[in-house]
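File shown here: target_27.cif, holding mmCIF, C-alpha atoms and all ligand atoms; chains and numbers go by the auth columns.
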```cif
data_structure
#
loop_
_atom_site.group_PDB
_atom_site.id
_atom_site.type_symbol
_atom_site.label_atom_id
_atom_site.label_comp_id
_atom_site.label_asym_id
_atom_site.label_seq_id
_atom_site.Cartn_x
_atom_site.Cartn_y
_atom_site.Cartn_z
_atom_site.B_iso_or_equiv
_atom_site.auth_seq_id
_atom_site.auth_asym_id
ATOM 1 C CA MET A 1 -2.750 -14.449 8.478 0.00 1 A
ATOM 2 C CA ASP A 2 0.030 -16.710 7.267 0.00 2 A
ATOM 3 C CA ALA A 3 2.902 -14.623 5.923 0.00 3 A
ATOM 4 C CA GLY A 4 4.986 -17.729 5.375 0.00 4 A
ATOM 5 C CA ALA A 5 2.760 -19.090 2.639 0.00 5 A
ATOM 6 C CA GLY A 6 3.861 -16.583 -0.023 0.00 6 A
ATOM 7 C CA SER A 7 1.637 -14.007 -1.665 0.00 7 A
ATOM 8 C CA PRO A 8 -1.117 -15.442 -3.866 0.00 8 A
ATOM 9 C CA THR A 9 -1.661 -13.883 -7.284 0.00 9 A
ATOM 10 C CA LEU A 10 -4.777 -11.657 -7.273 0.00 10 A
ATOM 11 C CA ARG A 11 -6.436 -9.949 -10.239 0.00 11 A
ATOM 12 C CA ALA A 12 -9.065 -7.264 -10.822 0.00 12 A
ATOM 13 C CA GLY A 13 -9.603 -5.154 -13.928 0.00 13 A
ATOM 14 C CA HIS A 14 -6.235 -4.073 -15.339 0.00 14 A
ATOM 15 C CA VAL A 15 -4.376 -4.800 -12.080 0.00 15 A
ATOM 16 C CA THR A 16 -2.491 -7.952 -11.096 0.00 16 A
ATOM 17 C CA LEU A 17 -0.906 -8.462 -7.673 0.00 17 A
ATOM 18 C CA ARG A 18 1.886 -11.015 -7.524 0.00 18 A
ATOM 19 C CA GLU A 19 5.129 -11.906 -5.805 0.00 19 A
ATOM 20 C CA MET A 20 7.881 -9.380 -6.370 0.00 20 A
ATOM 21 C CA ALA A 21 10.678 -10.454 -8.675 0.00 21 A
ATOM 22 C CA LEU A 22 14.255 -9.464 -9.449 0.00 22 A
ATOM 23 C CA ASP A 23 12.984 -8.051 -12.755 0.00 23 A
ATOM 24 C CA ASP A 24 11.131 -5.382 -10.741 0.00 24 A
ATOM 25 C CA VAL A 25 14.284 -3.922 -9.211 0.00 25 A
ATOM 26 C CA ASP A 26 15.070 -1.395 -11.952 0.00 26 A
ATOM 27 C CA ASP A 27 11.536 0.009 -12.126 0.00 27 A
ATOM 28 C CA MET A 28 11.344 0.087 -8.320 0.00 28 A
ATOM 29 C CA THR A 29 14.595 2.029 -8.164 0.00 29 A
ATOM 30 C CA VAL A 30 13.316 4.601 -10.664 0.00 30 A
ATOM 31 C CA ALA A 31 9.907 4.911 -8.965 0.00 31 A
ATOM 32 C CA CYS A 32 11.419 5.422 -5.523 0.00 32 A
ATOM 33 C CA GLN A 33 13.313 8.531 -6.682 0.00 33 A
ATOM 34 C CA ASP A 34 9.888 10.223 -6.592 0.00 34 A
ATOM 35 C CA ALA A 35 9.541 13.125 -4.157 0.00 35 A
ATOM 36 C CA GLU A 36 6.023 12.075 -3.101 0.00 36 A
ATOM 37 C CA ILE A 37 7.261 8.645 -2.047 0.00 37 A
ATOM 38 C CA ALA A 38 10.092 10.230 -0.072 0.00 38 A
ATOM 39 C CA ARG A 39 7.675 12.687 1.484 0.00 39 A
ATOM 40 C CA TRP A 40 4.951 10.296 2.595 0.00 40 A
ATOM 41 C CA THR A 41 6.544 6.879 3.122 0.00 41 A
ATOM 42 C CA THR A 42 9.469 5.502 5.075 0.00 42 A
ATOM 43 C CA VAL A 43 11.347 4.020 2.113 0.00 43 A
ATOM 44 C CA PRO A 44 15.039 4.939 2.267 0.00 44 A
ATOM 45 C CA SER A 45 15.934 8.366 0.914 0.00 45 A
ATOM 46 C CA PRO A 46 18.092 8.755 -1.125 0.00 46 A
ATOM 47 C CA TYR A 47 16.969 5.481 -2.692 0.00 47 A
ATOM 48 C CA GLU A 48 19.591 3.216 -4.284 0.00 48 A
ATOM 49 C CA ARG A 49 19.239 0.113 -6.451 0.00 49 A
ATOM 50 C CA GLU A 50 20.591 -1.903 -3.523 0.00 50 A
ATOM 51 C CA HIS A 51 17.545 -0.883 -1.455 0.00 51 A
ATOM 52 C CA ALA A 52 15.190 -2.312 -4.070 0.00 52 A
ATOM 53 C CA LEU A 53 17.250 -5.472 -4.355 0.00 53 A
ATOM 54 C CA ALA A 54 17.276 -5.995 -0.594 0.00 54 A
ATOM 55 C CA PHE A 55 13.534 -5.372 -0.426 0.00 55 A
ATOM 56 C CA VAL A 56 12.714 -7.842 -3.183 0.00 56 A
ATOM 57 C CA GLU A 57 14.986 -10.445 -1.627 0.00 57 A
ATOM 58 C CA ARG A 58 13.602 -9.689 1.859 0.00 58 A
ATOM 59 C CA ARG A 59 17.169 -9.154 2.985 0.00 59 A
ATOM 60 C CA THR A 60 16.653 -6.208 5.283 0.00 60 A
ATOM 61 C CA GLY A 61 16.262 -8.558 8.246 0.00 61 A
ATOM 62 C CA THR A 62 13.602 -6.668 10.172 0.00 62 A
ATOM 63 C CA PRO A 63 10.650 -8.615 11.541 0.00 63 A
ATOM 64 C CA VAL A 64 8.366 -6.344 9.511 0.00 64 A
ATOM 65 C CA ASP A 65 9.905 -7.560 6.292 0.00 65 A
ATOM 66 C CA THR A 66 9.568 -11.222 7.122 0.00 66 A
ATOM 67 C CA GLU A 67 6.144 -11.062 8.706 0.00 67 A
ATOM 68 C CA ARG A 68 4.135 -8.976 6.322 0.00 68 A
ATOM 69 C CA MET A 69 2.287 -10.163 3.232 0.00 69 A
ATOM 70 C CA ARG A 70 3.504 -8.171 0.260 0.00 70 A
ATOM 71 C CA TRP A 71 2.709 -8.012 -3.400 0.00 71 A
ATOM 72 C CA GLY A 72 4.131 -6.271 -6.434 0.00 72 A
ATOM 73 C CA ILE A 73 1.477 -4.398 -8.430 0.00 73 A
ATOM 74 C CA GLU A 74 1.600 -5.108 -12.171 0.00 74 A
ATOM 75 C CA VAL A 75 -0.206 -3.369 -15.028 0.00 75 A
ATOM 76 C CA GLU A 76 0.305 -4.367 -18.666 0.00 76 A
ATOM 77 C CA GLY A 77 3.193 -6.625 -17.709 0.00 77 A
ATOM 78 C CA ARG A 78 5.148 -3.931 -15.857 0.00 78 A
ATOM 79 C CA TRP A 79 5.777 -3.526 -12.138 0.00 79 A
ATOM 80 C CA CYS A 80 4.199 -0.285 -10.966 0.00 80 A
ATOM 81 C CA GLY A 81 3.928 -0.457 -7.191 0.00 81 A
ATOM 82 C CA ASN A 82 4.012 -2.384 -3.942 0.00 82 A
ATOM 83 C CA ILE A 83 1.274 -3.143 -1.447 0.00 83 A
ATOM 84 C CA SER A 84 1.368 -4.976 1.863 0.00 84 A
ATOM 85 C CA LEU A 85 -0.600 -6.155 4.863 0.00 85 A
ATOM 86 C CA ARG A 86 1.320 -6.106 8.114 0.00 86 A
ATOM 87 C CA PRO A 87 -0.276 -8.076 10.943 0.00 87 A
ATOM 88 C CA ASP A 88 -0.233 -6.203 14.244 0.00 88 A
ATOM 89 C CA GLU A 89 -2.139 -8.744 16.309 0.00 89 A
ATOM 90 C CA ALA A 90 -4.510 -11.653 15.737 0.00 90 A
ATOM 91 C CA GLY A 91 -7.180 -10.604 13.256 0.00 91 A
ATOM 92 C CA LEU A 92 -5.778 -7.118 12.606 0.00 92 A
ATOM 93 C CA ALA A 93 -3.408 -5.922 9.906 0.00 93 A
ATOM 94 C CA GLU A 94 -2.269 -2.576 8.576 0.00 94 A
ATOM 95 C CA ILE A 95 -2.248 -1.783 4.879 0.00 95 A
ATOM 96 C CA GLY A 96 0.614 0.069 3.186 0.00 96 A
ATOM 97 C CA PHE A 97 1.165 0.894 -0.502 0.00 97 A
ATOM 98 C CA LEU A 98 2.897 2.968 -3.110 0.00 98 A
ATOM 99 C CA VAL A 99 2.240 3.397 -6.830 0.00 99 A
ATOM 100 C CA ALA A 100 4.924 4.477 -9.311 0.00 100 A
ATOM 101 C CA PRO A 101 4.478 8.012 -10.693 0.00 101 A
ATOM 102 C CA TRP A 102 3.834 6.699 -14.228 0.00 102 A
ATOM 103 C CA ALA A 103 0.823 4.606 -13.096 0.00 103 A
ATOM 104 C CA ARG A 104 -0.964 7.089 -10.836 0.00 104 A
ATOM 105 C CA ARG A 105 -4.513 8.429 -11.148 0.00 105 A
ATOM 106 C CA GLN A 106 -5.704 5.431 -13.132 0.00 106 A
ATOM 107 C CA GLY A 107 -7.372 3.597 -10.270 0.00 107 A
ATOM 108 C CA VAL A 108 -4.415 1.241 -9.824 0.00 108 A
ATOM 109 C CA GLY A 109 -3.887 1.909 -6.103 0.00 109 A
ATOM 110 C CA SER A 110 -7.606 1.617 -5.313 0.00 110 A
ATOM 111 C CA LEU A 111 -7.980 -1.710 -7.087 0.00 111 A
ATOM 112 C CA ALA A 112 -4.815 -3.057 -5.491 0.00 112 A
ATOM 113 C CA ALA A 113 -6.047 -2.042 -2.024 0.00 113 A
ATOM 114 C CA TRP A 114 -9.435 -3.605 -2.718 0.00 114 A
ATOM 115 C CA LEU A 115 -7.769 -6.862 -3.735 0.00 115 A
ATOM 116 C CA VAL A 116 -5.599 -7.213 -0.633 0.00 116 A
ATOM 117 C CA CYS A 117 -8.461 -6.244 1.699 0.00 117 A
ATOM 118 C CA ASP A 118 -10.798 -8.734 0.052 0.00 118 A
ATOM 119 C CA TRP A 119 -8.101 -11.405 0.299 0.00 119 A
ATOM 120 C CA GLY A 120 -7.366 -10.474 3.936 0.00 120 A
ATOM 121 C CA PHE A 121 -10.998 -10.879 4.980 0.00 121 A
ATOM 122 C CA ARG A 122 -11.688 -14.003 2.940 0.00 122 A
ATOM 123 C CA ASP A 123 -8.451 -15.957 3.250 0.00 123 A
ATOM 124 C CA GLY A 124 -6.288 -14.098 5.725 0.00 124 A
ATOM 125 C CA ASP A 125 -8.549 -14.479 8.794 0.00 125 A
ATOM 126 C CA LEU A 126 -8.648 -10.717 9.297 0.00 126 A
ATOM 127 C CA ASP A 127 -11.424 -8.943 11.188 0.00 127 A
ATOM 128 C CA VAL A 128 -10.154 -5.406 10.669 0.00 128 A
ATOM 129 C CA ILE A 129 -7.662 -3.659 8.410 0.00 129 A
ATOM 130 C CA THR A 130 -6.165 -0.345 9.482 0.00 130 A
ATOM 131 C CA TRP A 131 -4.447 2.500 7.640 0.00 131 A
ATOM 132 C CA HIS A 132 -2.522 5.507 8.777 0.00 132 A
ATOM 133 C CA ALA A 133 -0.828 8.331 6.923 0.00 133 A
ATOM 134 C CA VAL A 134 1.012 11.519 7.657 0.00 134 A
ATOM 135 C CA VAL A 135 -1.555 14.331 7.812 0.00 135 A
ATOM 136 C CA GLY A 136 -1.811 15.983 4.389 0.00 136 A
ATOM 137 C CA ASN A 137 -1.423 12.861 2.252 0.00 137 A
ATOM 138 C CA ASP A 138 -4.676 13.472 0.406 0.00 138 A
ATOM 139 C CA PRO A 139 -4.109 10.963 -2.432 0.00 139 A
ATOM 140 C CA SER A 140 -3.625 8.144 0.072 0.00 140 A
ATOM 141 C CA ARG A 141 -6.643 9.240 2.094 0.00 141 A
ATOM 142 C CA ARG A 142 -8.833 9.465 -1.033 0.00 142 A
ATOM 143 C CA LEU A 143 -7.659 6.021 -2.067 0.00 143 A
ATOM 144 C CA VAL A 144 -8.671 4.322 1.184 0.00 144 A
ATOM 145 C CA GLU A 145 -11.954 6.242 1.370 0.00 145 A
ATOM 146 C CA ARG A 146 -12.738 5.034 -2.133 0.00 146 A
ATOM 147 C CA VAL A 147 -12.252 1.430 -1.036 0.00 147 A
ATOM 148 C CA GLY A 148 -14.545 1.882 1.984 0.00 148 A
ATOM 149 C CA PHE A 149 -12.231 2.713 4.886 0.00 149 A
ATOM 150 C CA ARG A 150 -13.692 5.031 7.501 0.00 150 A
ATOM 151 C CA VAL A 151 -11.318 7.811 8.429 0.00 151 A
ATOM 152 C CA MET A 152 -11.488 8.737 12.101 0.00 152 A
ATOM 153 C CA PRO A 153 -12.279 12.362 12.843 0.00 153 A
ATOM 154 C CA GLY A 154 -9.340 14.585 13.716 0.00 154 A
ATOM 155 C CA VAL A 155 -5.716 13.582 13.926 0.00 155 A
ATOM 156 C CA ALA A 156 -3.668 11.351 16.209 0.00 156 A
ATOM 157 C CA ARG A 157 -1.167 13.855 17.499 0.00 157 A
ATOM 158 C CA LEU A 158 2.530 13.080 17.048 0.00 158 A
ATOM 159 C CA ARG A 159 1.589 9.409 16.630 0.00 159 A
ATOM 160 C CA MET A 160 4.385 8.524 14.253 0.00 160 A
ATOM 161 C CA ALA A 161 8.114 9.037 13.936 0.00 161 A
ATOM 162 C CA HIS A 162 8.696 10.114 10.337 0.00 162 A
ATOM 163 C CA ARG A 163 12.125 10.945 8.941 0.00 163 A
ATOM 164 C CA GLY A 164 13.527 12.094 12.231 0.00 164 A
ATOM 165 C CA LYS A 165 10.600 13.969 13.726 0.00 165 A
ATOM 166 C CA ARG A 166 7.225 13.166 15.249 0.00 166 A
ATOM 167 C CA VAL A 167 4.226 13.920 13.056 0.00 167 A
ATOM 168 C CA ASP A 168 0.436 13.942 13.340 0.00 168 A
ATOM 169 C CA VAL A 169 -1.365 11.155 11.505 0.00 169 A
ATOM 170 C CA TRP A 170 -4.738 10.338 10.005 0.00 170 A
ATOM 171 C CA MET A 171 -6.114 6.926 10.895 0.00 171 A
ATOM 172 C CA ALA A 172 -8.808 4.763 9.338 0.00 172 A
ATOM 173 C CA ASP A 173 -10.197 1.272 9.565 0.00 173 A
ATOM 174 C CA LEU A 174 -12.098 -1.142 7.392 0.00 174 A
ATOM 175 C CA LEU A 175 -14.403 -3.976 8.442 0.00 175 A
ATOM 176 C CA PRO A 176 -15.560 -6.633 5.965 0.00 176 A
ATOM 177 C CA ASP A 177 -18.969 -5.017 5.406 0.00 177 A
ATOM 178 C CA ASP A 178 -17.351 -1.644 4.607 0.00 178 A
ATOM 179 C CA LEU A 179 -15.520 -2.945 1.527 0.00 179 A
ATOM 180 C CA VAL A 180 -17.179 -1.437 -1.562 0.00 180 A
ATOM 181 C CA PRO A 181 -18.205 -3.682 -4.499 0.00 181 A
ATOM 182 C CA MET A 182 -15.187 -4.136 -6.722 0.00 182 A
ATOM 183 C CA ARG A 183 -17.066 -3.006 -9.862 0.00 183 A
ATOM 184 C CA THR A 184 -17.360 0.520 -8.421 0.00 184 A
ATOM 185 C CA LEU A 185 -13.562 0.848 -8.711 0.00 185 A
ATOM 186 C CA LEU A 186 -13.188 -0.306 -12.300 0.00 186 A
ATOM 187 C CA PRO A 187 -12.132 2.472 -14.675 0.00 187 A
HETATM 188 C C1 LIG B . -1.349 7.396 -2.797 0.00 201 A
HETATM 189 C C2 LIG B . -1.103 6.653 -4.106 0.00 201 A
HETATM 190 C C3 LIG B . -0.752 5.195 -3.799 0.00 201 A
HETATM 191 C C4 LIG B . -2.385 6.718 -4.967 0.00 201 A
HETATM 192 O O1 LIG B . -2.271 5.771 -6.022 0.00 201 A
HETATM 193 P P1 LIG B . -3.147 5.907 -7.360 0.00 201 A
HETATM 194 O O2 LIG B . -2.980 4.647 -8.117 0.00 201 A
HETATM 195 O O3 LIG B . -2.832 7.180 -8.029 0.00 201 A
HETATM 196 O O4 LIG B . -4.625 6.002 -6.737 0.00 201 A
HETATM 197 P P2 LIG B . -5.981 5.884 -7.540 0.00 201 A
HETATM 198 O O5 LIG B . -5.751 6.221 -8.987 0.00 201 A
HETATM 199 O O6 LIG B . -6.607 4.568 -7.210 0.00 201 A
HETATM 200 O O7 LIG B . -6.810 7.082 -6.906 0.00 201 A
HETATM 201 C C5 LIG B . -7.463 6.951 -5.676 0.00 201 A
HETATM 202 C C6 LIG B . -8.098 8.259 -5.302 0.00 201 A
HETATM 203 O O8 LIG B . -7.104 9.199 -4.960 0.00 201 A
HETATM 204 C C7 LIG B . -7.235 10.363 -5.774 0.00 201 A
HETATM 205 N N1 LIG B . -5.907 10.845 -6.063 0.00 201 A
HETATM 206 C C8 LIG B . -4.865 10.151 -6.579 0.00 201 A
HETATM 207 N N2 LIG B . -3.783 10.967 -6.708 0.00 201 A
HETATM 208 C C9 LIG B . -4.184 12.202 -6.250 0.00 201 A
HETATM 209 C C10 LIG B . -3.546 13.453 -6.125 0.00 201 A
HETATM 210 N N3 LIG B . -2.262 13.619 -6.476 0.00 201 A
HETATM 211 N N4 LIG B . -4.257 14.481 -5.607 0.00 201 A
HETATM 212 C C11 LIG B . -5.544 14.319 -5.220 0.00 201 A
HETATM 213 N N5 LIG B . -6.208 13.146 -5.321 0.00 201 A
HETATM 214 C C12 LIG B . -5.542 12.119 -5.844 0.00 201 A
HETATM 215 C C13 LIG B . -7.916 9.871 -7.016 0.00 201 A
HETATM 216 O O9 LIG B . -8.526 10.923 -7.699 0.00 201 A
HETATM 217 C C14 LIG B . -8.901 8.894 -6.433 0.00 201 A
HETATM 218 O O10 LIG B . -9.970 9.607 -5.824 0.00 201 A
HETATM 219 P P3 LIG B . -11.359 9.837 -6.541 0.00 201 A
HETATM 220 O O11 LIG B . -12.101 8.559 -6.408 0.00 201 A
HETATM 221 O O12 LIG B . -11.934 10.939 -5.746 0.00 201 A
HETATM 222 O O13 LIG B . -11.042 10.203 -7.947 0.00 201 A
HETATM 223 C C15 LIG B . 0.066 7.304 -4.931 0.00 201 A
HETATM 224 O O14 LIG B . -0.237 8.664 -5.118 0.00 201 A
HETATM 225 C C16 LIG B . 1.423 7.175 -4.245 0.00 201 A
HETATM 226 O O15 LIG B . 2.099 6.174 -4.415 0.00 201 A
HETATM 227 N N6 LIG B . 1.840 8.202 -3.474 0.00 201 A
HETATM 228 C C17 LIG B . 3.153 8.206 -2.834 0.00 201 A
HETATM 229 C C18 LIG B . 3.306 7.089 -1.794 0.00 201 A
HETATM 230 C C19 LIG B . 2.243 7.181 -0.708 0.00 201 A
HETATM 231 O O16 LIG B . 1.790 8.242 -0.328 0.00 201 A
HETATM 232 N N7 LIG B . 1.860 5.992 -0.182 0.00 201 A
HETATM 233 C C20 LIG B . 0.859 5.908 0.888 0.00 201 A
HETATM 234 C C21 LIG B . 1.461 6.192 2.213 0.00 201 A
HETATM 235 S S1 LIG B . 0.198 6.198 3.477 0.00 201 A
#
```
What would you get if you wrote out this structure as structure tokens?
Ligand SMILES: CC(C)(COP(=O)(O)OP(=O)(O)OC[C@H]1O[C@@H](n2cnc3c(N)ncnc32)[C@H](O)[C@@H]1OP(=O)(O)O)[C@@H](O)C(=O)NCCC(=O)NCCS
Amino acid sequence: MDAGAGSPTLRAGHVTLREMALDDVDDMTVACQDAEIARWTTVPSPYEREHALAFVERRTGTPVDTERMRWGIEVEGRWCGNISLRPDEAGLAEIGFLVAPWARRQGVGSLAAWLVCDWGFRDGDLDVITWHAVVGNDPSRRLVERVGFRVMPGVARLRMAHRGKRVDVWMADLLPDDLVPMRTLLP
């Protein structure tokens, strides 16, 4: 997977994935005030405009931010989420995503995940895509199950450091043949 090549624009149904832009910063700042995002992701909390700006400009300086493929999610011309593939080793990448509160429960996250997985298998040389979430994040789990990921039974105990403490996580993986037909996700 070549993270240096920029993120190609991908489209399905009402969802477009594209490079993030400075115009997204205000919406990103508003979205990231959401309690669910603070609860389930590692975005900074409290979340300031400067965090969004640094993220869009890839200024945070961590290897994760320079190495992963990332897209802004757009619906009807407005930014409404982020999604990424972070390579862990040759042929394997982990998916991560968030959808703004105003765009949830409309199939946006599922279609976005389908698009990046399809791209990862076709053009990103991936053999397997993985997901993990803090135990209890049912919306995220439903989303990946909808796309075809297989959630492993049980929990990985204390697998992740999350906001200052170790937490149990759910884990799942997706192989190319698991990916559901895109039409099944269209609203
Ligand atoms: C998880 C998240 C990305 C889902 O995005 P979304 O665009 O609402 O997802 P979709 O509309 O594609 O829905 C996918 C599935 O999740 C279900 N779902 C979505 N929100 C839900 C909720 N609050 N409670 C229960 N199920 C929910 C949908 O019903 C759908 O399942 P279905 O096929 O059984 O109907 C969004 O809730 C979010 O950004 N949460 C906070 C950040 C986060 O948790 N990121 C992931 C970290 S691992």
Could you check which of A:Pro8, A:Leu85, A:Arg122, A:Trp102 is closest to Cys32 (chain A), using all atoms listed in the file?
A:Trp102
Selection within 10 Å of ligand LIG 201 (chain A) by all atoms listed in the file, output as an mmCIF file with C-alpha atoms, in the coordinates of the input:
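The resulting file, out33.cif, is reproduced below:
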```cif
data_model
loop_
_atom_site.group_PDB
_atom_site.id
_atom_site.type_symbol
_atom_site.label_atom_id
_atom_site.label_comp_id
_atom_site.auth_asym_id
_atom_site.auth_seq_id
_atom_site.Cartn_x
_atom_site.Cartn_y
_atom_site.Cartn_z
ATOM 1 C CA ALA A 31 9.907 4.911 -8.965
ATOM 2 C CA CYS A 32 11.419 5.422 -5.523
ATOM 3 C CA ASP A 34 9.888 10.223 -6.592
ATOM 4 C CA ALA A 35 9.541 13.125 -4.157
ATOM 5 C CA GLU A 36 6.023 12.075 -3.101
ATOM 6 C CA ILE A 37 7.261 8.645 -2.047
ATOM 7 C CA ALA A 38 10.092 10.230 -0.072
ATOM 8 C CA ARG A 39 7.675 12.687 1.484
ATOM 9 C CA TRP A 40 4.951 10.296 2.595
ATOM 10 C CA THR A 41 6.544 6.879 3.122
ATOM 11 C CA THR A 42 9.469 5.502 5.075
ATOM 12 C CA VAL A 43 11.347 4.020 2.113
ATOM 13 C CA CYS A 80 4.199 -0.285 -10.966
ATOM 14 C CA GLY A 81 3.928 -0.457 -7.191
ATOM 15 C CA ASN A 82 4.012 -2.384 -3.942
ATOM 16 C CA ILE A 83 1.274 -3.143 -1.447
ATOM 17 C CA ILE A 95 -2.248 -1.783 4.879
ATOM 18 C CA GLY A 96 0.614 0.069 3.186
ATOM 19 C CA PHE A 97 1.165 0.894 -0.502
ATOM 20 C CA LEU A 98 2.897 2.968 -3.110
ATOM 21 C CA VAL A 99 2.240 3.397 -6.830
ATOM 22 C CA ALA A 100 4.924 4.477 -9.311
ATOM 23 C CA PRO A 101 4.478 8.012 -10.693
ATOM 24 C CA TRP A 102 3.834 6.699 -14.228
ATOM 25 C CA ALA A 103 0.823 4.606 -13.096
ATOM 26 C CA ARG A 104 -0.964 7.089 -10.836
ATOM 27 C CA ARG A 105 -4.513 8.429 -11.148
ATOM 28 C CA GLN A 106 -5.704 5.431 -13.132
ATOM 29 C CA GLY A 107 -7.372 3.597 -10.270
ATOM 30 C CA VAL A 108 -4.415 1.241 -9.824
ATOM 31 C CA GLY A 109 -3.887 1.909 -6.103
ATOM 32 C CA SER A 110 -7.606 1.617 -5.313
ATOM 33 C CA LEU A 111 -7.980 -1.710 -7.087
ATOM 34 C CA ALA A 112 -4.815 -3.057 -5.491
ATOM 35 C CA ALA A 113 -6.047 -2.042 -2.024
ATOM 36 C CA TRP A 114 -9.435 -3.605 -2.718
ATOM 37 C CA TRP A 131 -4.447 2.500 7.640
ATOM 38 C CA HIS A 132 -2.522 5.507 8.777
ATOM 39 C CA ALA A 133 -0.828 8.331 6.923
ATOM 40 C CA VAL A 134 1.012 11.519 7.657
ATOM 41 C CA VAL A 135 -1.555 14.331 7.812
ATOM 42 C CA GLY A 136 -1.811 15.983 4.389
ATOM 43 C CA ASN A 137 -1.423 12.861 2.252
ATOM 44 C CA ASP A 138 -4.676 13.472 0.406
ATOM 45 C CA PRO A 139 -4.109 10.963 -2.432
ATOM 46 C CA SER A 140 -3.625 8.144 0.072
ATOM 47 C CA ARG A 141 -6.643 9.240 2.094
ATOM 48 C CA ARG A 142 -8.833 9.465 -1.033
ATOM 49 C CA LEU A 143 -7.659 6.021 -2.067
ATOM 50 C CA VAL A 144 -8.671 4.322 1.184
ATOM 51 C CA GLU A 145 -11.954 6.242 1.370
ATOM 52 C CA ARG A 146 -12.738 5.034 -2.133
ATOM 53 C CA VAL A 147 -12.252 1.430 -1.036
ATOM 54 C CA VAL A 169 -1.365 11.155 11.505
ATOM 55 C CA TRP A 170 -4.738 10.338 10.005
ATOM 56 C CA MET A 171 -6.114 6.926 10.895
ATOM 57 C CA THR A 184 -17.360 0.520 -8.421
ATOM 58 C CA LEU A 185 -13.562 0.848 -8.711
ATOM 59 C CA LEU A 186 -13.188 -0.306 -12.300
ATOM 60 C CA PRO A 187 -12.132 2.472 -14.675
#
```
Go through A:Glu76, A:Ala93, A:Met160, A:Val155 one by one, measure the shortest atom-to-atom distance of each to Gly13 (chain A) using all atoms listed in the file, and give the residue with the smallest value.
A:Glu76
Run the PyMOL selection byres (((chain A and resi 10) around 12) and not hetatm) mentally over the shown coordinates, then write out the matched residues as a PyMOL selection string, using the chain letters and numbers from the document.
chain A and resi 7-9+11-19+70-74+83+111-120+123
Just how far from CA of Met152 (chain A) is CA of Leu92 (chain A), in Å to one decimal?
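Separation between CA of Leu92 (chain A) and CA of Met152 (chain A): 16.9 Å.
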Point-to-point distance from CA of Glu48 (chain A) to CA of Arg166 (chain A), Å rounded to tenths
25.2 Å
Taking all atoms of region 14-19 of chain A that appear in the file, build a box with edges along x, y and z, extend it by 5 Å on every side, and state its centre and edge lengths in Å to one decimal, as lines of an AutoDock Vina configuration file.
```
center_x = -0.6
center_y = -8.0
center_z = -10.6
size_x = 21.4
size_y = 17.8
size_z = 19.5
```
Could you list as a PyMOL selection string every residue that has an atom within 10 Å of (16.2, 0.1, -4.6), using the file's coordinates and counting all atoms listed in the file?
chain A and resi 24-33+43-56
Please write the residues from the selection above to a file, keeping C-alpha atoms, as a PDB file, in the frame of the given file.
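Final output, saved to selection-v4.pdb:
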```
ATOM      1  CA  ASP A  24      11.131  -5.382 -10.741  1.00  0.00           C
ATOM      2  CA  VAL A  25      14.284  -3.922  -9.211  1.00  0.00           C
ATOM      3  CA  ASP A  26      15.070  -1.395 -11.952  1.00  0.00           C
ATOM      4  CA  ASP A  27      11.536   0.009 -12.126  1.00  0.00           C
ATOM      5  CA  MET A  28      11.344   0.087  -8.320  1.00  0.00           C
ATOM      6  CA  THR A  29      14.595   2.029  -8.164  1.00  0.00           C
ATOM      7  CA  VAL A  30      13.316   4.601 -10.664  1.00  0.00           C
ATOM      8  CA  ALA A  31       9.907   4.911  -8.965  1.00  0.00           C
ATOM      9  CA  CYS A  32      11.419   5.422  -5.523  1.00  0.00           C
ATOM     10  CA  GLN A  33      13.313   8.531  -6.682  1.00  0.00           C
ATOM     11  CA  VAL A  43      11.347   4.020   2.113  1.00  0.00           C
ATOM     12  CA  PRO A  44      15.039   4.939   2.267  1.00  0.00           C
ATOM     13  CA  SER A  45      15.934   8.366   0.914  1.00  0.00           C
ATOM     14  CA  PRO A  46      18.092   8.755  -1.125  1.00  0.00           C
ATOM     15  CA  TYR A  47      16.969   5.481  -2.692  1.00  0.00           C
ATOM     16  CA  GLU A  48      19.591   3.216  -4.284  1.00  0.00           C
ATOM     17  CA  ARG A  49      19.239   0.113  -6.451  1.00  0.00           C
ATOM     18  CA  GLU A  50      20.591  -1.903  -3.523  1.00  0.00           C
ATOM     19  CA  HIS A  51      17.545  -0.883  -1.455  1.00  0.00           C
ATOM     20  CA  ALA A  52      15.190  -2.312  -4.070  1.00  0.00           C
ATOM     21  CA  LEU A  53      17.250  -5.472  -4.355  1.00  0.00           C
ATOM     22  CA  ALA A  54      17.276  -5.995  -0.594  1.00  0.00           C
ATOM     23  CA  PHE A  55      13.534  -5.372  -0.426  1.00  0.00           C
ATOM     24  CA  VAL A  56      12.714  -7.842  -3.183  1.00  0.00           C
TER      25      VAL A  56
END
```
Could you jot down the CA of Gly154 (chain A) to CA of Ala90 (chain A) separation for me, Å, one decimal place?
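Interatomic distance, CA of Gly154 (chain A) to CA of Ala90 (chain A): 26.8 Å.
Each of A:Phe121, A:Trp79, A:Gly6, A:Leu174 was checked against Val151 (chain A) using all atoms listed in the file; the smallest atom-to-atom distance is that of A:Leu174.
Nearest to Asp178 (chain A) of all the residues A:Gly148, A:Pro153, A:Arg159, A:Gly164 is A:Gly148, based on only C-alpha atoms.
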